[in-house]
Amino acid sequence: MSGIYKRHWPGDEDRPALALHCMLASASYWGPIAKRLGGQIDLKGFDMPGHGRSGEWQPGADDPDFHTAVTRIAASFITRPLDLIGHSLGATVALRLAVAAPDAVRSLTLIEPVLFAAAPEAAQQARDQEMSELMALGHRADATRRFVDAWGAQPYDDLTPELQEQMLDRIDLVQATGPTLTEDRARILRPGGLESIAAPVLLISGERSPAVIHHIADALAARLPDVGRANVPEAGHMLPITHPDQVAGLIGVNLSRA
């Protein structure tokens with residue numbers, strides 16, 4: 001794994017925060033949200049390996065899996081209690097950090113965490129199976145199309161050729177996170193783990209997101225001691241990009257609770 005590209009949106013130095021992006025994107029989309037938060041927090045982020053301006057994901061035989069690697073990078077940003085914000089894959093990393101070190105989290109905002117192990121569902125299992133079969137057959141473009149059409153802000157065929165190529169190049173990383181997200185290899189859901197998070201948590205979902213997202217939120221909320229819920233009308237999975245005003249406003253609400 002080569003260099004990690006770090007990002008910083010300056011704000012209140014007494015309110016450090018870290019934002020974690022989704023799969024097949026980069027931390028750049030937190031910029032508009034940081035702007036809308038108006039300096040309430042001193043927000044940092046990074047492009048995950050193989051994403052954005054970071055180096056390629058090329059693990060050695062003794063290196064950790066992708067989810068663990070991203071979690072360790074995120075942990076390196078934590079020097080004192082901070083506000084932690086995550087979207088999709090990034091939200092599962094944020095939750096993993098909070099379970100491992102609850103005292104390090106001042107507030108936790110989880111936007112559509114894709115921790116499928118929390119709410120196993122036939123429709124999602126079918127999507128995973130189809131992806132695995134397409135990848136095994138070498139049909140990378142079809143696998144990428146299925147993934148983007150289910151989780152992206154717009155259909156794969158509507159993307160520019162440049163964006164399509166970028167997503168094709170990274171589609172293997174989707175497979176690499178499977179054991180953590182569907183089997184909970186990281187034991188995020190271990191007994192007592194979620195219950196140990198004393199910080200205020202906000203679960204944000206898009207009204208039009210796949211049903212499994214709402215089921216995951218239900219399962220997590222049932223175990224978190226201090227939790228709020230929000231559904232953004234007309235929004236899908238990529239709501240930090242498509243609905244930054246609403247997302248920033250909700251993040252601000254959770255910041256005020258800490």
# chains A, B, ... in the order shown; residues from 1 in each chain; ligands from 1
>>> residues_around(residues="range 203-216 of chain A", least_positions_apart="3", cutoff="9 Å", atoms="only C-alpha atoms", output="PyMOL selection string")
chain A and resi 108-121+123-124+150-151+219-221+227-239+247+250-251
>>> residues_around(residues="Ala98 in chain A", least_positions_apart="5", cutoff="8 Å", atoms="only C-alpha atoms", output="PyMOL selection string")
chain A and resi 103-105+108+197
>>> residues_around(residues="Ala248 in chain A", least_positions_apart="6", cutoff="12 Å", atoms="only C-alpha atoms", output="compact mmCIF listing (two decimals) with all heavy atoms, in the first residue's frame")
# COMPACT_ATOMS: atom_id res chain seq x y z
N TYR A 29 -16.01 14.44 -1.30
CA TYR A 29 -17.42 14.84 -1.18
C TYR A 29 -17.79 15.36 0.20
O TYR A 29 -18.89 15.88 0.40
CB TYR A 29 -18.37 13.74 -1.64
CG TYR A 29 -18.47 12.45 -0.84
CD1 TYR A 29 -19.01 12.39 0.43
CD2 TYR A 29 -18.10 11.24 -1.43
CE1 TYR A 29 -19.17 11.21 1.11
CE2 TYR A 29 -18.24 10.04 -0.77
CZ TYR A 29 -18.77 10.02 0.51
OH TYR A 29 -18.92 8.83 1.18
N TRP A 30 -16.86 15.27 1.17
CA TRP A 30 -17.13 15.88 2.47
C TRP A 30 -16.91 17.39 2.43
O TRP A 30 -17.34 18.10 3.35
CB TRP A 30 -16.24 15.26 3.55
CG TRP A 30 -16.52 13.82 3.80
CD1 TRP A 30 -15.68 12.77 3.58
CD2 TRP A 30 -17.72 13.24 4.33
NE1 TRP A 30 -16.28 11.59 3.93
CE2 TRP A 30 -17.53 11.85 4.40
CE3 TRP A 30 -18.94 13.78 4.76
CZ2 TRP A 30 -18.51 10.97 4.88
CZ3 TRP A 30 -19.91 12.92 5.23
CH2 TRP A 30 -19.69 11.53 5.28
N GLY A 31 -16.23 17.89 1.39
CA GLY A 31 -15.97 19.32 1.30
C GLY A 31 -17.24 20.18 1.33
O GLY A 31 -17.33 21.11 2.14
N PRO A 32 -18.23 19.91 0.48
CA PRO A 32 -19.47 20.70 0.53
C PRO A 32 -20.19 20.61 1.87
O PRO A 32 -20.82 21.58 2.30
CB PRO A 32 -20.30 20.09 -0.61
CG PRO A 32 -19.30 19.52 -1.56
CD PRO A 32 -18.21 18.99 -0.68
N ILE A 33 -20.09 19.46 2.52
CA ILE A 33 -20.74 19.32 3.83
C ILE A 33 -19.98 20.12 4.88
O ILE A 33 -20.58 20.81 5.72
CB ILE A 33 -20.85 17.83 4.20
CG1 ILE A 33 -21.89 17.16 3.30
CG2 ILE A 33 -21.21 17.65 5.68
CD1 ILE A 33 -22.02 15.68 3.47
N ALA A 34 -18.64 20.07 4.82
CA ALA A 34 -17.84 20.87 5.75
C ALA A 34 -18.17 22.35 5.60
O ALA A 34 -18.28 23.09 6.58
CB ALA A 34 -16.36 20.61 5.51
N LYS A 35 -18.32 22.79 4.36
CA LYS A 35 -18.64 24.20 4.10
C LYS A 35 -19.97 24.57 4.74
O LYS A 35 -20.12 25.64 5.35
CB LYS A 35 -18.68 24.45 2.60
CG LYS A 35 -18.99 25.90 2.22
CD LYS A 35 -18.98 26.07 0.71
CE LYS A 35 -19.29 27.53 0.33
NZ LYS A 35 -19.27 27.71 -1.15
N ARG A 36 -20.95 23.68 4.64
CA ARG A 36 -22.26 23.95 5.20
C ARG A 36 -22.25 23.93 6.73
O ARG A 36 -23.11 24.54 7.37
CB ARG A 36 -23.28 22.95 4.65
CG ARG A 36 -23.64 23.22 3.19
CD ARG A 36 -24.30 22.01 2.54
NE ARG A 36 -24.86 22.33 1.24
CZ ARG A 36 -24.15 22.40 0.11
NH1 ARG A 36 -22.82 22.17 0.16
NH2 ARG A 36 -24.73 22.68 -1.04
N LEU A 37 -21.30 23.21 7.31
CA LEU A 37 -21.19 23.17 8.78
C LEU A 37 -20.54 24.44 9.32
O LEU A 37 -20.55 24.68 10.54
CB LEU A 37 -20.40 21.94 9.22
CG LEU A 37 -21.13 20.61 9.06
CD1 LEU A 37 -20.19 19.44 9.32
CD2 LEU A 37 -22.34 20.53 9.98
N GLY A 38 -19.97 25.25 8.44
CA GLY A 38 -19.50 26.57 8.82
C GLY A 38 -18.44 26.62 9.90
O GLY A 38 -18.45 27.53 10.73
N GLY A 39 -17.53 25.66 9.90
CA GLY A 39 -16.43 25.69 10.87
C GLY A 39 -16.77 25.20 12.25
O GLY A 39 -15.98 25.37 13.19
N GLN A 40 -17.93 24.57 12.42
CA GLN A 40 -18.29 24.02 13.74
C GLN A 40 -17.26 23.00 14.21
O GLN A 40 -17.04 22.84 15.41
CB GLN A 40 -19.66 23.34 13.68
CG GLN A 40 -20.84 24.25 13.46
CD GLN A 40 -22.13 23.44 13.46
OE1 GLN A 40 -22.44 22.75 14.43
NE2 GLN A 40 -22.88 23.52 12.38
N ILE A 41 -16.68 22.28 13.26
CA ILE A 41 -15.69 21.25 13.57
C ILE A 41 -14.45 21.45 12.70
O ILE A 41 -14.52 22.05 11.63
CB ILE A 41 -16.26 19.83 13.34
CG1 ILE A 41 -16.88 19.71 11.93
CG2 ILE A 41 -17.25 19.45 14.42
CD1 ILE A 41 -17.40 18.32 11.60
N ILE A 85 -17.65 10.70 11.75
CA ILE A 85 -18.72 10.70 10.74
C ILE A 85 -18.34 9.68 9.67
O ILE A 85 -17.21 9.68 9.17
CB ILE A 85 -18.87 12.09 10.10
CG1 ILE A 85 -19.13 13.16 11.17
CG2 ILE A 85 -19.97 12.09 9.05
CD1 ILE A 85 -18.87 14.57 10.69
N THR A 109 -21.83 9.86 13.86
CA THR A 109 -22.87 9.99 12.85
C THR A 109 -22.66 8.93 11.80
O THR A 109 -21.62 8.91 11.12
CB THR A 109 -22.85 11.39 12.20
OG1 THR A 109 -23.00 12.38 13.22
CG2 THR A 109 -23.97 11.52 11.20
N ILE A 111 -24.04 7.30 8.40
CA ILE A 111 -24.89 7.48 7.24
C ILE A 111 -24.91 6.19 6.44
O ILE A 111 -23.91 5.79 5.86
CB ILE A 111 -24.38 8.65 6.36
CG1 ILE A 111 -24.21 9.93 7.21
CG2 ILE A 111 -25.32 8.90 5.19
CD1 ILE A 111 -23.42 11.02 6.50
N ILE A 204 -28.46 8.00 9.86
CA ILE A 204 -29.11 8.72 8.78
C ILE A 204 -29.29 7.78 7.59
O ILE A 204 -28.35 7.12 7.17
CB ILE A 204 -28.28 9.94 8.33
CG1 ILE A 204 -28.00 10.88 9.51
CG2 ILE A 204 -28.98 10.69 7.21
CD1 ILE A 204 -27.08 12.05 9.17
N VAL A 232 -33.95 10.87 5.11
CA VAL A 232 -33.95 12.04 4.23
C VAL A 232 -34.91 11.77 3.07
O VAL A 232 -34.68 10.85 2.28
CB VAL A 232 -32.54 12.35 3.71
CG1 VAL A 232 -32.57 13.53 2.74
CG2 VAL A 232 -31.60 12.64 4.89
N LEU A 239 -26.63 10.00 -0.46
CA LEU A 239 -27.19 11.27 0.00
C LEU A 239 -26.17 12.32 0.44
O LEU A 239 -26.46 13.52 0.33
CB LEU A 239 -28.24 11.04 1.09
CG LEU A 239 -27.86 10.41 2.42
CD1 LEU A 239 -29.03 10.60 3.41
CD2 LEU A 239 -27.58 8.94 2.30
N PRO A 240 -24.95 11.97 0.90
CA PRO A 240 -24.01 13.06 1.17
C PRO A 240 -23.68 13.88 -0.08
O PRO A 240 -23.37 15.07 0.02
CB PRO A 240 -22.76 12.34 1.70
CG PRO A 240 -23.29 11.08 2.27
CD PRO A 240 -24.39 10.68 1.33
N ILE A 241 -23.77 13.25 -1.25
CA ILE A 241 -23.51 13.95 -2.50
C ILE A 241 -24.77 14.59 -3.05
O ILE A 241 -24.75 15.75 -3.49
CB ILE A 241 -22.91 12.97 -3.53
CG1 ILE A 241 -21.52 12.51 -3.08
CG2 ILE A 241 -22.83 13.61 -4.92
CD1 ILE A 241 -20.90 11.45 -3.97
N THR A 242 -25.88 13.86 -3.00
CA THR A 242 -27.10 14.36 -3.63
C THR A 242 -27.90 15.30 -2.74
O THR A 242 -28.67 16.13 -3.24
CB THR A 242 -28.01 13.18 -4.03
OG1 THR A 242 -28.37 12.44 -2.85
CG2 THR A 242 -27.30 12.25 -5.01
N ASN A 254 -26.52 16.36 15.52
CA ASN A 254 -25.84 15.39 16.37
C ASN A 254 -24.63 16.01 17.06
O ASN A 254 -24.33 15.67 18.22
CB ASN A 254 -25.40 14.16 15.56
CG ASN A 254 -25.23 12.93 16.44
OD1 ASN A 254 -26.01 12.71 17.37
ND2 ASN A 254 -24.20 12.14 16.15
N LEU A 255 -23.93 16.91 16.38
CA LEU A 255 -22.81 17.61 17.01
C LEU A 255 -23.29 18.36 18.25
O LEU A 255 -22.60 18.40 19.28
CB LEU A 255 -22.17 18.58 16.03
CG LEU A 255 -21.46 17.98 14.81
CD1 LEU A 255 -20.99 19.09 13.88
CD2 LEU A 255 -20.28 17.10 15.24
>>> residues_around(residues="range 57-67 of chain A", least_positions_apart="3", cutoff="7 Å", atoms="only C-alpha atoms", output="MDAnalysis selection string")
chainID A and resid 1 49:50 70:71 176:177
>>> write_last_selection(atoms="all heavy atoms", output="PDB file, in the first residue's frame")
ATOM      1  N   MET A   1       0.849  -1.192   0.000  1.00  0.00           N
ATOM      2  CA  MET A   1       0.000   0.000   0.000  1.00  0.00           C
ATOM      3  C   MET A   1       0.883   1.241   0.000  1.00  0.00           C
ATOM      4  O   MET A   1       1.782   1.372   0.820  1.00  0.00           O
ATOM      5  CB  MET A   1      -0.910  -0.008   1.231  1.00  0.00           C
ATOM      6  CG  MET A   1      -1.825   1.200   1.354  1.00  0.00           C
ATOM      7  SD  MET A   1      -2.969   1.006   2.732  1.00  0.00           S
ATOM      8  CE  MET A   1      -1.828   0.768   4.097  1.00  0.00           C
ATOM      9  N   PRO A  49      -7.141   3.588   0.550  1.00  0.00           N
ATOM     10  CA  PRO A  49      -6.230   2.993  -0.440  1.00  0.00           C
ATOM     11  C   PRO A  49      -6.986   2.598  -1.714  1.00  0.00           C
ATOM     12  O   PRO A  49      -8.091   2.058  -1.651  1.00  0.00           O
ATOM     13  CB  PRO A  49      -5.694   1.755   0.285  1.00  0.00           C
ATOM     14  CG  PRO A  49      -5.816   2.088   1.736  1.00  0.00           C
ATOM     15  CD  PRO A  49      -7.054   2.923   1.858  1.00  0.00           C
ATOM     16  N   GLY A  50      -6.397   2.917  -2.853  1.00  0.00           N
ATOM     17  CA  GLY A  50      -7.029   2.591  -4.124  1.00  0.00           C
ATOM     18  C   GLY A  50      -8.132   3.534  -4.520  1.00  0.00           C
ATOM     19  O   GLY A  50      -8.826   3.296  -5.509  1.00  0.00           O
ATOM     20  N   VAL A  70      -8.043   0.101   6.463  1.00  0.00           N
ATOM     21  CA  VAL A  70      -8.691   1.412   6.517  1.00  0.00           C
ATOM     22  C   VAL A  70      -8.952   1.822   7.970  1.00  0.00           C
ATOM     23  O   VAL A  70      -8.775   2.985   8.355  1.00  0.00           O
ATOM     24  CB  VAL A  70     -10.000   1.404   5.707  1.00  0.00           C
ATOM     25  CG1 VAL A  70     -10.770   2.703   5.907  1.00  0.00           C
ATOM     26  CG2 VAL A  70      -9.706   1.184   4.224  1.00  0.00           C
ATOM     27  N   THR A  71      -9.354   0.863   8.793  1.00  0.00           N
ATOM     28  CA  THR A  71      -9.608   1.155  10.205  1.00  0.00           C
ATOM     29  C   THR A  71      -8.341   1.629  10.902  1.00  0.00           C
ATOM     30  O   THR A  71      -8.362   2.577  11.701  1.00  0.00           O
ATOM     31  CB  THR A  71     -10.175  -0.084  10.913  1.00  0.00           C
ATOM     32  OG1 THR A  71     -11.377  -0.495  10.252  1.00  0.00           O
ATOM     33  CG2 THR A  71     -10.486   0.206  12.374  1.00  0.00           C
ATOM     34  N   ALA A 176     -13.386  -7.464  -1.612  1.00  0.00           N
ATOM     35  CA  ALA A 176     -12.442  -7.585  -0.494  1.00  0.00           C
ATOM     36  C   ALA A 176     -13.079  -7.282   0.851  1.00  0.00           C
ATOM     37  O   ALA A 176     -12.595  -7.740   1.889  1.00  0.00           O
ATOM     38  CB  ALA A 176     -11.244  -6.663  -0.728  1.00  0.00           C
ATOM     39  N   THR A 177     -14.155  -6.504   0.858  1.00  0.00           N
ATOM     40  CA  THR A 177     -14.805  -6.159   2.129  1.00  0.00           C
ATOM     41  C   THR A 177     -15.916  -7.132   2.515  1.00  0.00           C
ATOM     42  O   THR A 177     -16.462  -7.038   3.616  1.00  0.00           O
ATOM     43  CB  THR A 177     -15.403  -4.740   2.063  1.00  0.00           C
ATOM     44  OG1 THR A 177     -16.383  -4.693   1.010  1.00  0.00           O
ATOM     45  CG2 THR A 177     -14.323  -3.695   1.812  1.00  0.00           C
TER      46      THR A 177
END
>>> select_by_dssp(residues="range 13-217 of chain A", states="strand (DSSP E or B)", output="VMD selection string")
chain A and resid 16 to 20 42 to 46 82 to 87 105 to 111 201 to 206
>>> residues_around(residues="Lys44 in chain A", least_positions_apart="4", cutoff="10 Å", atoms="only C-alpha atoms", output="list in words")
Lys6, Arg7, His8, Trp9, Pro10, Gly11, Pro16, Ala17, Leu18, Ala19, Leu20, Ala27, Trp30, Gly31, Ala34, Phe77 and Leu84 of chain A
>>> decode(residues="range 14-25 of chain A", atoms="all heavy atoms", output="mmCIF file, in the first residue's frame")
data_model
loop_
_atom_site.group_PDB
_atom_site.id
_atom_site.type_symbol
_atom_site.label_atom_id
_atom_site.label_comp_id
_atom_site.auth_asym_id
_atom_site.auth_seq_id
_atom_site.Cartn_x
_atom_site.Cartn_y
_atom_site.Cartn_z
ATOM 1 N N ASP A 14 -10.869 23.159 18.739
ATOM 2 C CA ASP A 14 -11.260 22.424 19.947
ATOM 3 C C ASP A 14 -12.311 21.358 19.645
ATOM 4 O O ASP A 14 -12.782 20.681 20.563
ATOM 5 C CB ASP A 14 -11.804 23.387 20.999
ATOM 6 C CG ASP A 14 -10.726 24.295 21.567
ATOM 7 O OD1 ASP A 14 -9.573 23.830 21.666
ATOM 8 O OD2 ASP A 14 -11.035 25.450 21.889
ATOM 9 N N ARG A 15 -12.658 21.208 18.364
ATOM 10 C CA ARG A 15 -13.676 20.232 17.977
ATOM 11 C C ARG A 15 -13.167 19.399 16.792
ATOM 12 O O ARG A 15 -13.652 19.506 15.660
ATOM 13 C CB ARG A 15 -14.965 20.969 17.603
ATOM 14 C CG ARG A 15 -16.226 20.088 17.623
ATOM 15 C CD ARG A 15 -16.695 19.841 19.042
ATOM 16 N NE ARG A 15 -17.688 18.771 19.065
ATOM 17 C CZ ARG A 15 -19.008 18.969 19.130
ATOM 18 N NH1 ARG A 15 -19.492 20.195 19.188
ATOM 19 N NH2 ARG A 15 -19.837 17.952 19.167
ATOM 20 N N PRO A 16 -12.136 18.562 17.022
ATOM 21 C CA PRO A 16 -11.611 17.737 15.923
ATOM 22 C C PRO A 16 -12.654 16.726 15.463
ATOM 23 O O PRO A 16 -13.461 16.227 16.257
ATOM 24 C CB PRO A 16 -10.401 17.038 16.546
ATOM 25 C CG PRO A 16 -10.710 16.997 18.015
ATOM 26 C CD PRO A 16 -11.470 18.262 18.301
ATOM 27 N N ALA A 17 -12.634 16.429 14.173
ATOM 28 C CA ALA A 17 -13.583 15.476 13.600
ATOM 29 C C ALA A 17 -12.921 14.732 12.451
ATOM 30 O O ALA A 17 -11.977 15.223 11.827
ATOM 31 C CB ALA A 17 -14.837 16.197 13.113
ATOM 32 N N LEU A 18 -13.433 13.547 12.179
ATOM 33 C CA LEU A 18 -12.929 12.716 11.093
ATOM 34 C C LEU A 18 -14.113 12.187 10.302
ATOM 35 O O LEU A 18 -15.076 11.681 10.883
ATOM 36 C CB LEU A 18 -12.118 11.541 11.652
ATOM 37 C CG LEU A 18 -11.557 10.546 10.632
ATOM 38 C CD1 LEU A 18 -10.521 11.206 9.721
ATOM 39 C CD2 LEU A 18 -10.941 9.335 11.346
ATOM 40 N N ALA A 19 -14.047 12.317 8.973
ATOM 41 C CA ALA A 19 -15.105 11.813 8.093
ATOM 42 C C ALA A 19 -14.551 10.720 7.194
ATOM 43 O O ALA A 19 -13.453 10.862 6.629
ATOM 44 C CB ALA A 19 -15.683 12.955 7.253
ATOM 45 N N LEU A 20 -15.305 9.654 7.037
ATOM 46 C CA LEU A 20 -14.877 8.480 6.283
ATOM 47 C C LEU A 20 -15.839 8.223 5.130
ATOM 48 O O LEU A 20 -17.048 8.101 5.335
ATOM 49 C CB LEU A 20 -14.830 7.267 7.216
ATOM 50 C CG LEU A 20 -13.902 7.450 8.433
ATOM 51 C CD1 LEU A 20 -14.161 6.370 9.466
ATOM 52 C CD2 LEU A 20 -12.447 7.430 7.997
ATOM 53 N N HIS A 21 -15.302 8.138 3.919
ATOM 54 C CA HIS A 21 -16.132 8.056 2.714
ATOM 55 C C HIS A 21 -16.537 6.630 2.369
ATOM 56 O O HIS A 21 -16.113 5.648 2.997
ATOM 57 C CB HIS A 21 -15.403 8.723 1.543
ATOM 58 C CG HIS A 21 -14.179 7.988 1.048
ATOM 59 N ND1 HIS A 21 -14.247 6.905 0.204
ATOM 60 C CD2 HIS A 21 -12.858 8.211 1.268
ATOM 61 C CE1 HIS A 21 -13.035 6.486 -0.089
ATOM 62 N NE2 HIS A 21 -12.162 7.251 0.551
ATOM 63 N N CYS A 22 -17.331 6.503 1.320
ATOM 64 C CA CYS A 22 -17.869 5.216 0.887
ATOM 65 C C CYS A 22 -16.955 4.538 -0.122
ATOM 66 O O CYS A 22 -15.954 5.098 -0.575
ATOM 67 C CB CYS A 22 -19.259 5.406 0.281
ATOM 68 S SG CYS A 22 -19.236 6.270 -1.309
ATOM 69 N N MET A 23 -17.306 3.339 -0.504
ATOM 70 C CA MET A 23 -16.581 2.581 -1.522
ATOM 71 C C MET A 23 -16.722 3.240 -2.890
ATOM 72 O O MET A 23 -17.761 3.802 -3.226
ATOM 73 C CB MET A 23 -17.130 1.149 -1.556
ATOM 74 C CG MET A 23 -16.472 0.233 -2.561
ATOM 75 S SD MET A 23 -14.756 -0.128 -2.163
ATOM 76 C CE MET A 23 -14.952 -1.306 -0.812
ATOM 77 N N LEU A 24 -15.631 3.187 -3.669
ATOM 78 C CA LEU A 24 -15.574 3.673 -5.052
ATOM 79 C C LEU A 24 -15.718 5.188 -5.167
ATOM 80 O O LEU A 24 -16.109 5.695 -6.214
ATOM 81 C CB LEU A 24 -16.617 2.983 -5.947
ATOM 82 C CG LEU A 24 -16.585 1.458 -6.019
ATOM 83 C CD1 LEU A 24 -17.544 0.965 -7.099
ATOM 84 C CD2 LEU A 24 -15.189 0.929 -6.271
ATOM 85 N N ALA A 25 -15.393 5.914 -4.100
ATOM 86 C CA ALA A 25 -15.461 7.369 -4.135
ATOM 87 C C ALA A 25 -14.169 7.924 -3.537
ATOM 88 O O ALA A 25 -13.118 7.286 -3.593
ATOM 89 C CB ALA A 25 -16.693 7.863 -3.386
#
